[in-house]
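To keep things clear, I will list the structure first and then write my remarks on it.
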Protein chains: 2
Amino acid sequence: MFQIKITVVGKTLASWWQSAEGEYLKRLSHYAKIKQVFVKEEKMAEHKTLPQIQAIEAQRIEDSLDSNEYRVALVKEGRQLSSEELARWLEKLANQGISRINFIIGGPLGLPESFVKQCDYQLSLSKMTFTHEMSRVVLLEQLYRGFSIFKNENYHK
Amino acid sequence: MFQIKITVVGKTLASWWQSAEGEYLKRLSHYAKIKQVFVKEEKMAEHKTLPQIQAIEAQRIEDSLDSNEYRVALVKEGRQLSSEELARWLEKLANQGISRINFIIGGPLGLPESFVKQCDYQLSLSKMTFTHEMSRVVLLEQLYRGFSIFKNENYHK
């Protein structure tokens, strides 16, 4: 069974995103052991530049990572997969013995490029910029969809 | 001022999507006259094929359209725009005197190809398949983002 971690910067504030997340986390729990990890968001302040804030948040993410997990950075410049390709990709990882996957979503400022490059995979949900809160829900829904496709295919084999 | 219509098949059922839609409709109302049009979803039944259901729904959409609006079909195979490109595209339409835009999102089965082809533009939110309810929220959020970019740029001109 997959062990999925979703690492995010900052708590989800809007109640509707919280509800949507809760729903998809529940649905996903039928397919995978799933856990959200919240990393503290760094407050904006006049004496801090945006790259400094990004770097502080990236360091906090680094500190939260386990050594044996497959790291997937969510960035709009990443690889675009259709839902079917996402399912196939999950299957391929499973076949390679990779079952611990950490999906990492930056805060409002996004992830710094140096961090993104170090990850094992760069995944794009869209060419469009999504709010970080919306990205979480879209990712959860796509993982749920991916696992459903994956499971259904195995049913029919 | 833009007059935006979002034509969708079937009511939004999940309460969190309803809340998210409500929030973005409210925010968008600062930038455009915005209206959601709900077209009845055709029930699945054994004697109806999926293309038949799609065709019935497409006919209902056709019947709801105004003659002088710019029709944008939302399909994953459509044109992908970054959020900045979306803003630029809205600006370009405005410069062409096009201010009445209808964004059309299919039901669970999607829009039939024959209908999609007839539209003035085919827009893709992602290569991934989104639920039709999630597509509505993502579109609203992107329109809000697009108008914000558009307006901010004009501020700085």
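Just remember, in the structure tokens the first chain shown is A, the second B, etc., residues are 1-based per chain, and ligands are 1-based in the order shown.
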
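With only C-alpha atoms taken into account, chain A has A:Trp16, A:Trp17, A:Ser19, A:Ala20, A:Gln80, A:Leu81, A:Ser82, A:Ser83, A:Leu125, A:Ser126, A:Lys127, A:Met128, A:Thr129 at most 7 Å from chain B.
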
Step one, run DSSP on the backbone; step two, keep only residues of chain B assigned to strand (DSSP E or B); then write them as a ChimeraX atom specification.
/B:2-9,32-39,70-80,100-105,121-124

Grab the residues selected above and save them as a tab-separated table (two decimals), in the first residue's frame with C-alpha atoms.
```tsv
chain	number	residue	atom	x	y	z
B	2	PHE	CA	-17.24	42.40	-19.11
B	3	GLN	CA	-20.44	40.41	-18.99
B	4	ILE	CA	-19.39	36.91	-18.09
B	5	LYS	CA	-21.67	33.91	-18.19
B	6	ILE	CA	-20.64	30.53	-16.85
B	7	THR	CA	-22.88	27.87	-18.35
B	8	VAL	CA	-22.79	24.58	-16.51
B	9	VAL	CA	-24.66	21.31	-16.73
B	32	ALA	CA	-17.39	41.97	-14.25
B	33	LYS	CA	-21.10	41.40	-14.42
B	34	ILE	CA	-21.21	37.71	-13.76
B	35	LYS	CA	-23.97	35.15	-14.03
B	36	GLN	CA	-24.16	31.38	-13.73
B	37	VAL	CA	-26.54	29.55	-16.04
B	38	PHE	CA	-27.56	26.06	-15.04
B	39	VAL	CA	-28.62	23.65	-17.75
B	70	TYR	CA	-18.33	34.82	-27.44
B	71	ARG	CA	-18.44	31.10	-26.66
B	72	VAL	CA	-15.61	29.46	-24.82
B	73	ALA	CA	-15.78	25.70	-24.35
B	74	LEU	CA	-13.82	24.31	-21.44
B	75	VAL	CA	-12.14	21.09	-22.54
B	76	LYS	CA	-8.89	19.51	-21.41
B	77	GLU	CA	-7.74	19.22	-25.03
B	78	GLY	CA	-8.18	22.98	-25.51
B	79	ARG	CA	-5.61	25.76	-25.48
B	80	GLN	CA	-3.54	26.00	-22.31
B	100	ARG	CA	-19.89	39.25	-23.53
B	101	ILE	CA	-18.22	35.93	-22.91
B	102	ASN	CA	-19.87	32.63	-22.13
B	103	PHE	CA	-17.69	29.94	-20.57
B	104	ILE	CA	-19.31	26.57	-21.10
B	105	ILE	CA	-18.51	23.59	-18.90
B	121	TYR	CA	-12.49	29.27	-28.35
B	122	GLN	CA	-11.46	26.06	-26.63
B	123	LEU	CA	-9.79	26.61	-23.26
B	124	SER	CA	-8.02	23.99	-21.17
```

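Reported to one decimal place, the separation of atom CA of B:Gly10 from atom CA of B:Glu57 is 9.7 Å.
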
Which residues in stretch 34-105 of chain A does DSSP call alpha helix (DSSP H)? List them as a PyMOL selection string.
chain A and resi 50-64+83-95

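Reported to one decimal place, the separation of atom CA of A:Ser67 from atom CA of A:Gly106 is 19.4 Å.
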
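We find atom CA of B:Leu65 and atom CA of B:Tyr31 to be spaced 22.3 Å apart.
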
Among the residues A:Ala45, A:Ala55, A:Asp120, A:Lys40, the one that comes closest to A:Asn68 [using only C-alpha atoms]:
A:Asp120

Selection near A:Leu111, 7 Å with only C-alpha atoms, sequence-local residues under 5 positions removed, as a PDB file with C-alpha atoms, in the first residue's frame:
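Written file, result05.pdb:
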```pdb
ATOM      1  CA  GLN A  54      11.295  31.050   0.196  1.00  0.00           C
ATOM      2  CA  ALA A  58      12.390  25.361   1.917  1.00  0.00           C
ATOM      3  CA  GLY A 106       4.998  25.523  -1.608  1.00  0.00           C
ATOM      4  CA  VAL A 116      12.610  21.933  -6.799  1.00  0.00           C
TER       5      VAL A 116
END
```
